[in-house]
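Beneath this line is the structure, given in structure tokens, with notes to follow.
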Amino acid sequence: MNIFDTDFHCHILPGIDDGAANVDESIKLINMQLSQGVRNIVATPHFRKHQMSINTFLERRNQAYKTLISAGAFKKVSRVLLAAEIALERNLCELDGIERLGNSKMNTLLLELPYDGYRKWMCEEIEEIAYTTKMQIIIAHLDRYTDIYTQEDYNDIFSIPDVIFQFNTSAFTRRKDKKLLKTAIKDDYPLVFGTDCHNPQSRRPDFDVMLKNLKHYEQNYFVNKLFEPQ
Ligand SMILES: [Fe+2]
């Protein structure tokens, strides 16, 4: 597994969040990912603390996963890992069993920052979650806040120690997002990519866009930064 063949963030599991609505849609998304060069998939349905309990979420996630296995959806996928995209909120670190939402094989936890503006507590909360769970934190789609967060806000986020930054593969298609991504590359931050695909129409996978654009960068540079889960 490496950043060139792994979709670290996507909503392909059916009927669990606002991603794939049913098995057919899941299969379409997976086939699109495969045709674009994805070999490993990390399925990351949304988890919001006030929406459902961790137990209910995990039961529904496993059920959705099993349905896809029965349908043969993953036949050509090398590896499927289950995780969650956890909405960050105050005192989230106190949520009992939060580490169960991460991926135990990679020892990672994917956190989604709020969209209503940057606030100082966010970085403290992330550090607290890393400390209590002993997991590697991945911050989801850092490029999705370029219209909301200032450069100073981003500097704060970049200063959180030992965090991996996930960029959406679409970041290459918007000038503002690409600029942020280039900064992250230049400043040597650990990066992974995800399509964050939700459906085959308006939020389809575009992993190929990332692969095409990365050709313009020094690939050895990225190879040194591969995030290789065991
Ligand atoms: Fe997402």
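Identifiers for the structure tokens are assigned positionally: chains receive A, B, ... in sequence, residues are indexed from 1 per chain, and ligands are indexed from 1 in the order shown.
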May I have the residues within 9 Å of ligand 1, computed using only C-alpha atoms and all ligand atoms, as a CSV table (one decimal) with C-alpha atoms, in the first residue's frame?
```
chain,number,residue,atom,x,y,z
A,9,HIS,CA,-10.9,8.5,2.2
A,10,CYS,CA,-14.1,7.5,0.5
A,11,HIS,CA,-17.8,6.8,1.1
A,19,GLY,CA,-22.3,8.2,0.3
A,44,THR,CA,-14.5,6.0,5.8
A,45,PRO,CA,-18.2,6.6,6.4
A,46,HIS,CA,-19.2,9.7,8.4
A,84,ALA,CA,-14.5,6.4,9.8
A,85,GLU,CA,-14.5,10.1,9.1
A,112,GLU,CA,-13.0,16.0,9.9
A,140,ALA,CA,-9.4,14.9,6.5
A,141,HIS,CA,-9.3,16.9,3.2
A,194,GLY,CA,-8.4,10.3,-0.9
A,195,THR,CA,-11.1,10.8,-3.4
A,196,ASP,CA,-13.8,11.4,-0.8
A,197,CYS,CA,-16.2,10.0,-3.4
A,198,HIS,CA,-19.9,9.9,-2.4
```
Compile the contact shell of Gln201 in chain A as a ChimeraX atom specification: residues with an atom at most 12 Å away, counting only C-alpha atoms, same-chain residues fewer than 6 positions apart removed. /A:19-20,25,28-29,32
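Residues in contact with range 157-168 of chain A at up to 7 Å, not including ones fewer than 4 positions away on its chain and judged by only C-alpha atoms, are Cys123, Gln136, Ile137, Ile138, Ile139, Ala140, His141, Leu142, Asp143, Asp153, Pro190, Leu191, Val192, Phe193, Gly194, Thr195 and Asp196 of chain A.
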Go ahead and write the residues just picked, all heavy atoms, as a CSV table (one decimal), in the first residue's frame.
```csv
chain,number,residue,atom,x,y,z
A,123,CYS,N,-7.1,22.5,17.7
A,123,CYS,CA,-5.8,21.9,17.7
A,123,CYS,C,-5.5,21.1,19.0
A,123,CYS,O,-5.0,20.0,19.1
A,123,CYS,CB,-4.7,22.9,17.5
A,123,CYS,SG,-4.7,23.6,15.8
A,136,GLN,N,-2.4,7.4,15.3
A,136,GLN,CA,-1.9,8.4,14.4
A,136,GLN,C,-3.1,9.2,13.8
A,136,GLN,O,-4.0,8.5,13.2
A,136,GLN,CB,-1.1,7.7,13.2
A,136,GLN,CG,-0.7,8.6,12.1
A,136,GLN,CD,0.6,9.3,12.4
A,136,GLN,OE1,1.6,8.7,12.6
A,136,GLN,NE2,0.4,10.6,12.5
A,137,ILE,N,-3.1,10.5,14.0
A,137,ILE,CA,-4.3,11.2,13.5
A,137,ILE,C,-4.1,11.6,12.0
A,137,ILE,O,-3.0,12.1,11.7
A,137,ILE,CB,-4.4,12.5,14.4
A,137,ILE,CG1,-4.6,12.2,15.8
A,137,ILE,CG2,-5.6,13.4,13.8
A,137,ILE,CD1,-5.9,11.4,16.2
A,138,ILE,N,-5.1,11.4,11.2
A,138,ILE,CA,-5.1,12.0,9.9
A,138,ILE,C,-6.2,13.1,9.8
A,138,ILE,O,-7.3,12.8,10.2
A,138,ILE,CB,-5.5,10.9,8.8
A,138,ILE,CG1,-4.5,9.7,8.9
A,138,ILE,CG2,-5.5,11.5,7.4
A,138,ILE,CD1,-4.8,8.6,7.9
A,139,ILE,N,-5.8,14.2,9.4
A,139,ILE,CA,-6.8,15.3,9.3
A,139,ILE,C,-7.4,15.2,7.8
A,139,ILE,O,-6.6,15.3,6.8
A,139,ILE,CB,-6.2,16.7,9.6
A,139,ILE,CG1,-5.8,16.7,11.0
A,139,ILE,CG2,-7.2,17.8,9.3
A,139,ILE,CD1,-5.2,18.0,11.5
A,140,ALA,N,-8.7,15.1,7.8
A,140,ALA,CA,-9.4,14.9,6.5
A,140,ALA,C,-9.3,16.1,5.6
A,140,ALA,O,-9.4,17.2,6.1
A,140,ALA,CB,-10.8,14.4,6.7
A,141,HIS,N,-9.3,15.9,4.3
A,141,HIS,CA,-9.3,16.9,3.2
A,141,HIS,C,-9.0,18.3,3.7
A,141,HIS,O,-9.9,19.2,3.7
A,141,HIS,CB,-10.7,16.8,2.5
A,141,HIS,CG,-11.9,16.7,3.4
A,141,HIS,ND1,-12.2,17.6,4.5
A,141,HIS,CD2,-12.9,15.9,3.4
A,141,HIS,CE1,-13.3,17.3,5.0
A,141,HIS,NE2,-13.8,16.2,4.4
A,142,LEU,N,-7.8,18.5,3.9
A,142,LEU,CA,-7.3,19.9,4.4
A,142,LEU,C,-7.6,21.0,3.4
A,142,LEU,O,-7.8,22.1,3.7
A,142,LEU,CB,-5.8,19.8,4.6
A,142,LEU,CG,-5.3,20.9,5.6
A,142,LEU,CD1,-5.9,20.7,7.0
A,142,LEU,CD2,-3.8,20.7,5.7
A,143,ASP,N,-7.7,20.5,2.1
A,143,ASP,CA,-8.0,21.5,1.0
A,143,ASP,C,-9.5,22.0,1.0
A,143,ASP,O,-9.8,23.0,0.3
A,143,ASP,CB,-7.8,20.8,-0.3
A,143,ASP,CG,-8.5,19.5,-0.4
A,143,ASP,OD1,-8.0,18.5,0.3
A,143,ASP,OD2,-9.5,19.4,-1.1
A,153,ASP,N,-4.7,30.4,10.3
A,153,ASP,CA,-5.5,29.2,10.8
A,153,ASP,C,-4.7,28.0,10.3
A,153,ASP,O,-4.5,27.0,11.1
A,153,ASP,CB,-6.9,29.2,10.3
A,153,ASP,CG,-7.7,30.3,10.7
A,153,ASP,OD1,-7.3,31.0,11.7
A,153,ASP,OD2,-8.8,30.6,10.1
A,190,PRO,N,3.7,15.2,6.1
A,190,PRO,CA,3.3,13.8,5.6
A,190,PRO,C,1.9,13.9,5.0
A,190,PRO,O,1.0,14.4,5.7
A,190,PRO,CB,3.3,13.0,6.9
A,190,PRO,CG,3.4,13.9,8.0
A,190,PRO,CD,3.8,15.2,7.6
A,191,LEU,N,1.7,13.4,3.8
A,191,LEU,CA,0.5,13.5,3.1
A,191,LEU,C,-0.1,12.2,2.7
A,191,LEU,O,0.7,11.3,2.3
A,191,LEU,CB,0.7,14.4,1.8
A,191,LEU,CG,1.3,15.8,2.0
A,191,LEU,CD1,1.4,16.4,0.6
A,191,LEU,CD2,0.5,16.7,2.9
A,192,VAL,N,-1.4,12.1,2.7
A,192,VAL,CA,-2.0,11.0,1.9
A,192,VAL,C,-3.2,11.6,1.1
A,192,VAL,O,-3.6,12.7,1.4
A,192,VAL,CB,-2.6,9.9,2.9
A,192,VAL,CG1,-1.5,9.2,3.6
A,192,VAL,CG2,-3.6,10.5,3.9
A,193,PHE,N,-3.7,10.8,0.2
A,193,PHE,CA,-4.7,11.3,-0.7
A,193,PHE,C,-6.0,10.4,-0.6
A,193,PHE,O,-5.9,9.2,-0.4
A,193,PHE,CB,-4.3,11.4,-2.2
A,193,PHE,CG,-3.2,12.4,-2.4
A,193,PHE,CD1,-1.9,12.1,-2.3
A,193,PHE,CD2,-3.5,13.7,-2.6
A,193,PHE,CE1,-0.9,13.0,-2.4
A,193,PHE,CE2,-2.6,14.7,-2.8
A,193,PHE,CZ,-1.2,14.4,-2.7
A,194,GLY,N,-7.1,11.1,-0.8
A,194,GLY,CA,-8.4,10.3,-0.9
A,194,GLY,C,-9.3,11.0,-1.9
A,194,GLY,O,-9.2,12.2,-2.1
A,195,THR,N,-10.2,10.2,-2.5
A,195,THR,CA,-11.1,10.8,-3.4
A,195,THR,C,-12.3,11.4,-2.8
A,195,THR,O,-12.9,12.3,-3.3
A,195,THR,CB,-11.6,9.7,-4.4
A,195,THR,OG1,-12.4,8.7,-3.7
A,195,THR,CG2,-10.5,9.0,-5.2
A,196,ASP,N,-12.6,10.9,-1.5
A,196,ASP,CA,-13.8,11.4,-0.8
A,196,ASP,C,-15.0,11.3,-1.7
A,196,ASP,O,-16.0,12.1,-1.6
A,196,ASP,CB,-13.6,12.9,-0.4
A,196,ASP,CG,-14.5,13.3,0.7
A,196,ASP,OD1,-15.2,12.5,1.3
A,196,ASP,OD2,-14.6,14.6,1.0
```
Hey, which of A:Thr6, A:Ser104, A:Thr150, A:Thr173 ends up closest to Gln36 in chain A? Count only C-alpha atoms.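 Checking each candidate against Gln36 in chain A, we get A:Thr6 as the closest.
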Which residues are near Phe47 in chain A? Cut-off 10 Å, only C-alpha atoms, ignore same chain within fewer than 2 positions. Put them as an NGL selection string. :A and (16-17 or 44-45 or 49-54 or 57-58 or 83-88 or 101 or 111-112)
